[in-house]
Each structure stands twice: as structure tokens, then as C-alpha cells.
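Below is one structure; the comments refer to it alone.
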Amino acid sequence: QVRLVESGGGLVQAGGSLRLSCAASGRIFSGDTMGWYRQAPGKQRELVAVISSSGTTNYADSVKGRFTISRENAKNTASLQMNSLKPEDTGVYYCEIYTLGFQYWGQGTQVTVSS
């Protein structure tokens, strides 16, 4: 069983910053890829950023230069630093881990950016 717990969402004005954190536990391995996805109202869930165990990252074009994903393998945690937030960044943010051929999700944390 794999469990992911997110924290750090909230309400922020446009131009502000938030930091999301994710703690993973259960049957996971240090080599697993971790990521952040988001889902806005009425839209499909989309990739925000992913990071491999070696630190290789990939970002959605819409967040490049504003968001930074990081992880601490020893603690099985991943974080998403979000700067220069825009109203279009509003949505539920989900932590994700891909392990042993399966994808697991956290419960999600709400991020709301007011204009």
C-alpha cells in the first residue's frame, strides 16, 4: 500500500507564492518518479512537474520559470515551490508517485489564486 499526503495549499493573491509538500509512505522505492498534477474546475487533470530520483525535472510550459519541484529521497518527500502565481494556476494539486508500474495519488490540496 502506498500513501501520499499533501500540505501547503491555500488562498493567495496573484503574484504571490506558495509551497506544497508531499510525504510518501508504504511500498515505495528511492528510484520512483514523483510529480505534481493539478485539476481546475471543469478541466482534466494535467501535469505540472515531475522529478526523477536522480533529480531530472520536467515542467509544463505554463509553469516553467515560476515553479520548482524538488525532493528528498531519504525522507520520501517532494515539494513544489510556486512563485509569481496567476489566477489560472487555481485548482486542486495532487502529488503523484509511479512505483512498480502503478500510479498513486494523494488526496489533493486546493490552491486558489485571486486576481
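Chain identifiers are assigned as A, B, and so on, following the order in which chains appear in the C-alpha cells; residues are numbered from 1 within each chain, and ligands are numbered from 1 in order of appearance.
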*Tell me which protein, DNA and RNA residues are within 8 Å of stretch 96-104 of chain A, counting only C-alpha atoms, leaving out same-chain ones fewer than 4 positions away, and put them as a ChimeraX atom specification.*
/A:2-4,28-29,32-37
Kindly save the residues from that selection, with C-alpha atoms included, as a JSON list (two decimals), in the first residue's frame.
```
[["chain", "number", "residue", "atom", "x", "y", "z"],
["A", 2, "VAL", "CA", 1.21, 3.50, -0.87],
["A", 3, "ARG", "CA", 0.08, 6.66, 0.86],
["A", 4, "LEU", "CA", 0.70, 10.25, -0.20],
["A", 28, "ILE", "CA", 7.88, 2.83, -2.35],
["A", 29, "PHE", "CA", 11.44, 2.94, -3.53],
["A", 32, "ASP", "CA", 10.46, 6.11, -8.08],
["A", 33, "THR", "CA", 9.47, 9.19, -10.04],
["A", 34, "MET", "CA", 7.37, 11.74, -8.15],
["A", 35, "GLY", "CA", 5.29, 14.54, -9.55],
["A", 36, "TRP", "CA", 2.65, 17.19, -9.12],
["A", 37, "TYR", "CA", -0.52, 17.43, -11.16]]
```
Just list as a PDB file with N, CA, C and O atoms, in the first residue's frame whatever in chain A DSSP marks as strand (DSSP E or B).
```pdb
ATOM      1  N   VAL A   2       0.473   2.240  -0.770  1.00  0.00           N
ATOM      2  CA  VAL A   2       1.210   3.497  -0.871  1.00  0.00           C
ATOM      3  C   VAL A   2       0.303   4.625  -0.409  1.00  0.00           C
ATOM      4  O   VAL A   2      -0.878   4.678  -0.767  1.00  0.00           O
ATOM      5  N   ARG A   3       0.852   5.515   0.374  1.00  0.00           N
ATOM      6  CA  ARG A   3       0.080   6.659   0.862  1.00  0.00           C
ATOM      7  C   ARG A   3       0.845   7.933   0.589  1.00  0.00           C
ATOM      8  O   ARG A   3       2.050   8.018   0.844  1.00  0.00           O
ATOM      9  N   LEU A   4       0.129   8.928   0.069  1.00  0.00           N
ATOM     10  CA  LEU A   4       0.701  10.249  -0.203  1.00  0.00           C
ATOM     11  C   LEU A   4      -0.134  11.287   0.519  1.00  0.00           C
ATOM     12  O   LEU A   4      -1.359  11.287   0.395  1.00  0.00           O
ATOM     13  N   VAL A   5       0.513  12.173   1.243  1.00  0.00           N
ATOM     14  CA  VAL A   5      -0.191  13.218   1.975  1.00  0.00           C
ATOM     15  C   VAL A   5       0.378  14.568   1.570  1.00  0.00           C
ATOM     16  O   VAL A   5       1.569  14.827   1.758  1.00  0.00           O
ATOM     17  N   GLU A   6      -0.491  15.418   1.022  1.00  0.00           N
ATOM     18  CA  GLU A   6      -0.078  16.754   0.597  1.00  0.00           C
ATOM     19  C   GLU A   6      -0.425  17.785   1.677  1.00  0.00           C
ATOM     20  O   GLU A   6      -1.353  17.593   2.451  1.00  0.00           O
ATOM     21  N   SER A   7       0.305  18.885   1.642  1.00  0.00           N
ATOM     22  CA  SER A   7       0.013  20.016   2.516  1.00  0.00           C
ATOM     23  C   SER A   7       0.533  21.280   1.859  1.00  0.00           C
ATOM     24  O   SER A   7       1.348  21.210   0.934  1.00  0.00           O
ATOM     25  N   GLY A  10      -3.677  26.783  -0.287  1.00  0.00           N
ATOM     26  CA  GLY A  10      -4.340  27.899   0.353  1.00  0.00           C
ATOM     27  C   GLY A  10      -4.742  28.953  -0.648  1.00  0.00           C
ATOM     28  O   GLY A  10      -4.749  28.724  -1.857  1.00  0.00           O
ATOM     29  N   LEU A  11      -5.087  30.116  -0.112  1.00  0.00           N
ATOM     30  CA  LEU A  11      -5.522  31.258  -0.916  1.00  0.00           C
ATOM     31  C   LEU A  11      -4.402  32.291  -0.954  1.00  0.00           C
ATOM     32  O   LEU A  11      -3.848  32.650   0.093  1.00  0.00           O
ATOM     33  N   VAL A  12      -4.084  32.764  -2.142  1.00  0.00           N
ATOM     34  CA  VAL A  12      -3.011  33.747  -2.300  1.00  0.00           C
ATOM     35  C   VAL A  12      -3.388  34.715  -3.417  1.00  0.00           C
ATOM     36  O   VAL A  12      -4.126  34.353  -4.339  1.00  0.00           O
ATOM     37  N   GLN A  13      -2.896  35.934  -3.316  1.00  0.00           N
ATOM     38  CA  GLN A  13      -3.134  36.907  -4.376  1.00  0.00           C
ATOM     39  C   GLN A  13      -2.208  36.654  -5.556  1.00  0.00           C
ATOM     40  O   GLN A  13      -1.117  36.076  -5.387  1.00  0.00           O
ATOM     41  N   LEU A  18       3.427  30.110  -2.961  1.00  0.00           N
ATOM     42  CA  LEU A  18       3.017  29.034  -2.077  1.00  0.00           C
ATOM     43  C   LEU A  18       4.002  27.888  -2.244  1.00  0.00           C
ATOM     44  O   LEU A  18       4.601  27.728  -3.312  1.00  0.00           O
ATOM     45  N   ARG A  19       4.120  27.085  -1.192  1.00  0.00           N
ATOM     46  CA  ARG A  19       4.965  25.894  -1.268  1.00  0.00           C
ATOM     47  C   ARG A  19       4.132  24.694  -0.863  1.00  0.00           C
ATOM     48  O   ARG A  19       3.577  24.660   0.238  1.00  0.00           O
ATOM     49  N   LEU A  20       4.052  23.718  -1.748  1.00  0.00           N
ATOM     50  CA  LEU A  20       3.342  22.479  -1.473  1.00  0.00           C
ATOM     51  C   LEU A  20       4.337  21.399  -1.074  1.00  0.00           C
ATOM     52  O   LEU A  20       5.445  21.337  -1.615  1.00  0.00           O
ATOM     53  N   SER A  21       3.916  20.554  -0.148  1.00  0.00           N
ATOM     54  CA  SER A  21       4.765  19.443   0.285  1.00  0.00           C
ATOM     55  C   SER A  21       3.996  18.145   0.178  1.00  0.00           C
ATOM     56  O   SER A  21       2.767  18.125   0.317  1.00  0.00           O
ATOM     57  N   CYS A  22       4.735  17.062  -0.048  1.00  0.00           N
ATOM     58  CA  CYS A  22       4.120  15.741  -0.172  1.00  0.00           C
ATOM     59  C   CYS A  22       4.997  14.737   0.559  1.00  0.00           C
ATOM     60  O   CYS A  22       6.206  14.678   0.325  1.00  0.00           O
ATOM     61  N   ALA A  23       4.376  13.948   1.417  1.00  0.00           N
ATOM     62  CA  ALA A  23       5.088  12.896   2.130  1.00  0.00           C
ATOM     63  C   ALA A  23       4.558  11.546   1.662  1.00  0.00           C
ATOM     64  O   ALA A  23       3.347  11.299   1.718  1.00  0.00           O
ATOM     65  N   ALA A  24       5.465  10.696   1.221  1.00  0.00           N
ATOM     66  CA  ALA A  24       5.085   9.375   0.720  1.00  0.00           C
ATOM     67  C   ALA A  24       5.475   8.312   1.733  1.00  0.00           C
ATOM     68  O   ALA A  24       6.509   8.408   2.390  1.00  0.00           O
ATOM     69  N   SER A  25       4.642   7.285   1.838  1.00  0.00           N
ATOM     70  CA  SER A  25       4.945   6.167   2.736  1.00  0.00           C
ATOM     71  C   SER A  25       4.392   4.886   2.145  1.00  0.00           C
ATOM     72  O   SER A  25       3.573   4.905   1.225  1.00  0.00           O
ATOM     73  N   GLY A  26       4.847   3.764   2.712  1.00  0.00           N
ATOM     74  CA  GLY A  26       4.378   2.479   2.221  1.00  0.00           C
ATOM     75  C   GLY A  26       5.394   1.819   1.311  1.00  0.00           C
ATOM     76  O   GLY A  26       6.598   2.041   1.434  1.00  0.00           O
ATOM     77  N   THR A  33       9.711   7.821  -9.604  1.00  0.00           N
ATOM     78  CA  THR A  33       9.471   9.191 -10.043  1.00  0.00           C
ATOM     79  C   THR A  33       8.309   9.774  -9.245  1.00  0.00           C
ATOM     80  O   THR A  33       7.316   9.099  -8.998  1.00  0.00           O
ATOM     81  N   MET A  34       8.446  11.032  -8.856  1.00  0.00           N
ATOM     82  CA  MET A  34       7.372  11.738  -8.153  1.00  0.00           C
ATOM     83  C   MET A  34       6.979  12.964  -8.950  1.00  0.00           C
ATOM     84  O   MET A  34       7.796  13.522  -9.700  1.00  0.00           O
ATOM     85  N   GLY A  35       5.740  13.392  -8.784  1.00  0.00           N
ATOM     86  CA  GLY A  35       5.293  14.540  -9.552  1.00  0.00           C
ATOM     87  C   GLY A  35       4.133  15.266  -8.910  1.00  0.00           C
ATOM     88  O   GLY A  35       3.585  14.822  -7.890  1.00  0.00           O
ATOM     89  N   TRP A  36       3.815  16.390  -9.506  1.00  0.00           N
ATOM     90  CA  TRP A  36       2.653  17.190  -9.120  1.00  0.00           C
ATOM     91  C   TRP A  36       1.764  17.391 -10.340  1.00  0.00           C
ATOM     92  O   TRP A  36       2.269  17.700 -11.423  1.00  0.00           O
ATOM     93  N   TYR A  37       0.483  17.192 -10.138  1.00  0.00           N
ATOM     94  CA  TYR A  37      -0.521  17.429 -11.157  1.00  0.00           C
ATOM     95  C   TYR A  37      -1.549  18.394 -10.574  1.00  0.00           C
ATOM     96  O   TYR A  37      -1.620  18.577  -9.367  1.00  0.00           O
ATOM     97  N   ARG A  38      -2.353  18.974 -11.444  1.00  0.00           N
ATOM     98  CA  ARG A  38      -3.416  19.841 -10.959  1.00  0.00           C
ATOM     99  C   ARG A  38      -4.656  19.661 -11.823  1.00  0.00           C
ATOM    100  O   ARG A  38      -4.582  19.266 -12.980  1.00  0.00           O
ATOM    101  N   GLN A  39      -5.782  19.993 -11.200  1.00  0.00           N
ATOM    102  CA  GLN A  39      -7.057  19.914 -11.907  1.00  0.00           C
ATOM    103  C   GLN A  39      -7.884  21.150 -11.582  1.00  0.00           C
ATOM    104  O   GLN A  39      -8.228  21.368 -10.414  1.00  0.00           O
ATOM    105  N   GLU A  46      -3.895  17.720 -15.193  1.00  0.00           N
ATOM    106  CA  GLU A  46      -2.747  17.954 -16.064  1.00  0.00           C
ATOM    107  C   GLU A  46      -1.449  17.918 -15.272  1.00  0.00           C
ATOM    108  O   GLU A  46      -1.414  18.233 -14.083  1.00  0.00           O
ATOM    109  N   LEU A  47      -0.399  17.551 -15.975  1.00  0.00           N
ATOM    110  CA  LEU A  47       0.926  17.523 -15.370  1.00  0.00           C
ATOM    111  C   LEU A  47       1.407  18.938 -15.076  1.00  0.00           C
ATOM    112  O   LEU A  47       1.283  19.828 -15.920  1.00  0.00           O
ATOM    113  N   VAL A  48       1.970  19.121 -13.897  1.00  0.00           N
ATOM    114  CA  VAL A  48       2.610  20.383 -13.545  1.00  0.00           C
ATOM    115  C   VAL A  48       4.129  20.204 -13.591  1.00  0.00           C
ATOM    116  O   VAL A  48       4.826  20.958 -14.273  1.00  0.00           O
ATOM    117  N   ALA A  49       4.642  19.210 -12.877  1.00  0.00           N
ATOM    118  CA  ALA A  49       6.079  18.961 -12.841  1.00  0.00           C
ATOM    119  C   ALA A  49       6.339  17.554 -12.331  1.00  0.00           C
ATOM    120  O   ALA A  49       5.572  17.035 -11.521  1.00  0.00           O
ATOM    121  N   VAL A  50       7.419  16.952 -12.815  1.00  0.00           N
ATOM    122  CA  VAL A  50       7.851  15.647 -12.313  1.00  0.00           C
ATOM    123  C   VAL A  50       9.340  15.701 -12.041  1.00  0.00           C
ATOM    124  O   VAL A  50      10.063  16.519 -12.619  1.00  0.00           O
ATOM    125  N   ILE A  51       9.793  14.802 -11.162  1.00  0.00           N
ATOM    126  CA  ILE A  51      11.207  14.732 -10.823  1.00  0.00           C
ATOM    127  C   ILE A  51      11.591  13.274 -10.628  1.00  0.00           C
ATOM    128  O   ILE A  51      10.893  12.519  -9.946  1.00  0.00           O
ATOM    129  N   THR A  57      14.230  16.920 -13.939  1.00  0.00           N
ATOM    130  CA  THR A  57      12.905  17.511 -13.826  1.00  0.00           C
ATOM    131  C   THR A  57      12.286  17.784 -15.195  1.00  0.00           C
ATOM    132  O   THR A  57      12.986  17.932 -16.194  1.00  0.00           O
ATOM    133  N   ASN A  58      10.961  17.868 -15.183  1.00  0.00           N
ATOM    134  CA  ASN A  58      10.218  18.231 -16.379  1.00  0.00           C
ATOM    135  C   ASN A  58       9.022  19.059 -15.937  1.00  0.00           C
ATOM    136  O   ASN A  58       8.349  18.692 -14.962  1.00  0.00           O
ATOM    137  N   TYR A  59       8.777  20.162 -16.642  1.00  0.00           N
ATOM    138  CA  TYR A  59       7.709  21.090 -16.256  1.00  0.00           C
ATOM    139  C   TYR A  59       6.737  21.320 -17.414  1.00  0.00           C
ATOM    140  O   TYR A  59       7.124  21.295 -18.587  1.00  0.00           O
ATOM    141  N   PHE A  67       7.696  27.788 -11.237  1.00  0.00           N
ATOM    142  CA  PHE A  67       7.566  26.688 -10.277  1.00  0.00           C
ATOM    143  C   PHE A  67       8.872  25.890 -10.238  1.00  0.00           C
ATOM    144  O   PHE A  67       9.549  25.733 -11.246  1.00  0.00           O
ATOM    145  N   THR A  68       9.176  25.344  -9.056  1.00  0.00           N
ATOM    146  CA  THR A  68      10.340  24.488  -8.897  1.00  0.00           C
ATOM    147  C   THR A  68       9.962  23.252  -8.086  1.00  0.00           C
ATOM    148  O   THR A  68       9.441  23.378  -6.969  1.00  0.00           O
ATOM    149  N   ILE A  69      10.227  22.087  -8.654  1.00  0.00           N
ATOM    150  CA  ILE A  69       9.967  20.833  -7.951  1.00  0.00           C
ATOM    151  C   ILE A  69      11.274  20.326  -7.361  1.00  0.00           C
ATOM    152  O   ILE A  69      12.344  20.479  -7.964  1.00  0.00           O
ATOM    153  N   SER A  70      11.183  19.758  -6.175  1.00  0.00           N
ATOM    154  CA  SER A  70      12.362  19.199  -5.525  1.00  0.00           C
ATOM    155  C   SER A  70      11.944  17.976  -4.719  1.00  0.00           C
ATOM    156  O   SER A  70      10.754  17.749  -4.500  1.00  0.00           O
ATOM    157  N   ARG A  71      12.928  17.204  -4.273  1.00  0.00           N
ATOM    158  CA  ARG A  71      12.609  16.032  -3.462  1.00  0.00           C
ATOM    159  C   ARG A  71      13.769  15.702  -2.537  1.00  0.00           C
ATOM    160  O   ARG A  71      14.915  16.087  -2.791  1.00  0.00           O
ATOM    161  N   GLU A  72      13.454  15.006  -1.474  1.00  0.00           N
ATOM    162  CA  GLU A  72      14.450  14.480  -0.551  1.00  0.00           C
ATOM    163  C   GLU A  72      14.234  12.969  -0.497  1.00  0.00           C
ATOM    164  O   GLU A  72      13.297  12.494   0.160  1.00  0.00           O
ATOM    165  N   THR A  77      10.024  12.593   0.418  1.00  0.00           N
ATOM    166  CA  THR A  77       9.190  13.779   0.293  1.00  0.00           C
ATOM    167  C   THR A  77       9.474  14.492  -1.018  1.00  0.00           C
ATOM    168  O   THR A  77      10.569  14.389  -1.580  1.00  0.00           O
ATOM    169  N   ALA A  78       8.481  15.231  -1.489  1.00  0.00           N
ATOM    170  CA  ALA A  78       8.622  16.071  -2.670  1.00  0.00           C
ATOM    171  C   ALA A  78       7.938  17.397  -2.388  1.00  0.00           C
ATOM    172  O   ALA A  78       6.945  17.442  -1.642  1.00  0.00           O
ATOM    173  N   SER A  79       8.472  18.450  -2.970  1.00  0.00           N
ATOM    174  CA  SER A  79       7.910  19.776  -2.760  1.00  0.00           C
ATOM    175  C   SER A  79       7.737  20.490  -4.085  1.00  0.00           C
ATOM    176  O   SER A  79       8.398  20.165  -5.071  1.00  0.00           O
ATOM    177  N   LEU A  80       6.840  21.466  -4.076  1.00  0.00           N
ATOM    178  CA  LEU A  80       6.621  22.297  -5.258  1.00  0.00           C
ATOM    179  C   LEU A  80       6.590  23.751  -4.793  1.00  0.00           C
ATOM    180  O   LEU A  80       5.647  24.161  -4.098  1.00  0.00           O
ATOM    181  N   GLN A  81       7.616  24.495  -5.123  1.00  0.00           N
ATOM    182  CA  GLN A  81       7.673  25.921  -4.825  1.00  0.00           C
ATOM    183  C   GLN A  81       7.025  26.658  -5.986  1.00  0.00           C
ATOM    184  O   GLN A  81       7.485  26.534  -7.128  1.00  0.00           O
ATOM    185  N   MET A  82       5.995  27.426  -5.690  1.00  0.00           N
ATOM    186  CA  MET A  82       5.245  28.127  -6.726  1.00  0.00           C
ATOM    187  C   MET A  82       5.368  29.633  -6.505  1.00  0.00           C
ATOM    188  O   MET A  82       4.918  30.146  -5.479  1.00  0.00           O
ATOM    189  N   GLY A  91      -6.582  25.576  -8.697  1.00  0.00           N
ATOM    190  CA  GLY A  91      -7.021  24.212  -8.896  1.00  0.00           C
ATOM    191  C   GLY A  91      -6.663  23.348  -7.702  1.00  0.00           C
ATOM    192  O   GLY A  91      -6.080  23.833  -6.729  1.00  0.00           O
ATOM    193  N   VAL A  92      -6.999  22.081  -7.807  1.00  0.00           N
ATOM    194  CA  VAL A  92      -6.598  21.109  -6.802  1.00  0.00           C
ATOM    195  C   VAL A  92      -5.282  20.475  -7.273  1.00  0.00           C
ATOM    196  O   VAL A  92      -5.201  19.976  -8.392  1.00  0.00           O
ATOM    197  N   TYR A  93      -4.292  20.525  -6.420  1.00  0.00           N
ATOM    198  CA  TYR A  93      -2.972  19.999  -6.747  1.00  0.00           C
ATOM    199  C   TYR A  93      -2.792  18.635  -6.096  1.00  0.00           C
ATOM    200  O   TYR A  93      -3.029  18.479  -4.896  1.00  0.00           O
ATOM    201  N   TYR A  94      -2.359  17.679  -6.902  1.00  0.00           N
ATOM    202  CA  TYR A  94      -2.196  16.305  -6.444  1.00  0.00           C
ATOM    203  C   TYR A  94      -0.735  15.879  -6.539  1.00  0.00           C
ATOM    204  O   TYR A  94      -0.077  16.080  -7.566  1.00  0.00           O
ATOM    205  N   CYS A  95      -0.269  15.253  -5.494  1.00  0.00           N
ATOM    206  CA  CYS A  95       1.038  14.610  -5.508  1.00  0.00           C
ATOM    207  C   CYS A  95       0.876  13.222  -6.120  1.00  0.00           C
ATOM    208  O   CYS A  95      -0.154  12.553  -5.902  1.00  0.00           O
ATOM    209  N   GLU A  96       1.882  12.793  -6.847  1.00  0.00           N
ATOM    210  CA  GLU A  96       1.814  11.517  -7.546  1.00  0.00           C
ATOM    211  C   GLU A  96       3.151  10.799  -7.449  1.00  0.00           C
ATOM    212  O   GLU A  96       4.208  11.412  -7.435  1.00  0.00           O
ATOM    213  N   ILE A  97       3.066   9.459  -7.350  1.00  0.00           N
ATOM    214  CA  ILE A  97       4.273   8.651  -7.385  1.00  0.00           C
ATOM    215  C   ILE A  97       4.024   7.458  -8.293  1.00  0.00           C
ATOM    216  O   ILE A  97       2.918   6.890  -8.308  1.00  0.00           O
ATOM    217  N   TYR A  98       5.032   7.123  -9.088  1.00  0.00           N
ATOM    218  CA  TYR A  98       4.939   5.992 -10.010  1.00  0.00           C
ATOM    219  C   TYR A  98       5.910   4.928  -9.518  1.00  0.00           C
ATOM    220  O   TYR A  98       7.124   5.142  -9.501  1.00  0.00           O
ATOM    221  N   THR A  99       5.355   3.806  -9.066  1.00  0.00           N
ATOM    222  CA  THR A  99       6.180   2.761  -8.482  1.00  0.00           C
ATOM    223  C   THR A  99       5.679   1.382  -8.888  1.00  0.00           C
ATOM    224  O   THR A  99       4.460   1.133  -8.844  1.00  0.00           O
ATOM    225  N   PHE A 102       2.682   1.127 -11.191  1.00  0.00           N
ATOM    226  CA  PHE A 102       1.405   1.711 -10.789  1.00  0.00           C
ATOM    227  C   PHE A 102       1.586   3.188 -10.418  1.00  0.00           C
ATOM    228  O   PHE A 102       2.641   3.614  -9.957  1.00  0.00           O
ATOM    229  N   GLN A 103       0.514   3.925 -10.610  1.00  0.00           N
ATOM    230  CA  GLN A 103       0.495   5.348 -10.289  1.00  0.00           C
ATOM    231  C   GLN A 103      -0.414   5.558  -9.082  1.00  0.00           C
ATOM    232  O   GLN A 103      -1.550   5.083  -9.066  1.00  0.00           O
ATOM    233  N   TYR A 104       0.089   6.254  -8.090  1.00  0.00           N
ATOM    234  CA  TYR A 104      -0.673   6.533  -6.876  1.00  0.00           C
ATOM    235  C   TYR A 104      -0.823   8.036  -6.704  1.00  0.00           C
ATOM    236  O   TYR A 104       0.044   8.810  -7.109  1.00  0.00           O
ATOM    237  N   TRP A 105      -1.921   8.424  -6.060  1.00  0.00           N
ATOM    238  CA  TRP A 105      -2.251   9.836  -5.885  1.00  0.00           C
ATOM    239  C   TRP A 105      -2.526  10.172  -4.429  1.00  0.00           C
ATOM    240  O   TRP A 105      -3.036   9.341  -3.677  1.00  0.00           O
ATOM    241  N   THR A 109      -4.704  19.046  -2.632  1.00  0.00           N
ATOM    242  CA  THR A 109      -4.751  20.252  -1.811  1.00  0.00           C
ATOM    243  C   THR A 109      -5.164  21.421  -2.706  1.00  0.00           C
ATOM    244  O   THR A 109      -4.672  21.565  -3.823  1.00  0.00           O
ATOM    245  N   GLN A 110      -6.074  22.236  -2.206  1.00  0.00           N
ATOM    246  CA  GLN A 110      -6.631  23.330  -3.010  1.00  0.00           C
ATOM    247  C   GLN A 110      -5.687  24.523  -3.036  1.00  0.00           C
ATOM    248  O   GLN A 110      -5.195  24.971  -1.980  1.00  0.00           O
ATOM    249  N   VAL A 111      -5.452  25.043  -4.225  1.00  0.00           N
ATOM    250  CA  VAL A 111      -4.708  26.285  -4.421  1.00  0.00           C
ATOM    251  C   VAL A 111      -5.638  27.258  -5.142  1.00  0.00           C
ATOM    252  O   VAL A 111      -6.155  26.949  -6.213  1.00  0.00           O
ATOM    253  N   THR A 112      -5.845  28.415  -4.533  1.00  0.00           N
ATOM    254  CA  THR A 112      -6.705  29.433  -5.133  1.00  0.00           C
ATOM    255  C   THR A 112      -5.922  30.728  -5.242  1.00  0.00           C
ATOM    256  O   THR A 112      -5.381  31.222  -4.238  1.00  0.00           O
ATOM    257  N   VAL A 113      -5.836  31.254  -6.449  1.00  0.00           N
ATOM    258  CA  VAL A 113      -5.105  32.490  -6.702  1.00  0.00           C
ATOM    259  C   VAL A 113      -6.117  33.554  -7.114  1.00  0.00           C
ATOM    260  O   VAL A 113      -6.792  33.418  -8.134  1.00  0.00           O
ATOM    261  N   SER A 114      -6.221  34.598  -6.309  1.00  0.00           N
ATOM    262  CA  SER A 114      -7.169  35.664  -6.594  1.00  0.00           C
ATOM    263  C   SER A 114      -6.509  36.765  -7.424  1.00  0.00           C
ATOM    264  O   SER A 114      -5.315  37.032  -7.278  1.00  0.00           O
TER     265      SER A 114
END
```
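The closest residue to A:Ala60, picked from A:Asp89, A:Lys43, A:Gly15, A:Ser30 and counting only C-alpha atoms, is A:Asp89.
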*asked:* For a quick check of understanding, using only C-alpha atoms, which of A:Ser53, A:Ser62, A:Gln107, A:Thr90 has the smallest distance to A:Asn76?
replied: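 Smallest separation from A:Asn76 among the options: A:Ser53.
The space separating atom CA of A:Val63 from atom CA of A:Ser17 comes to 12.8 Å.
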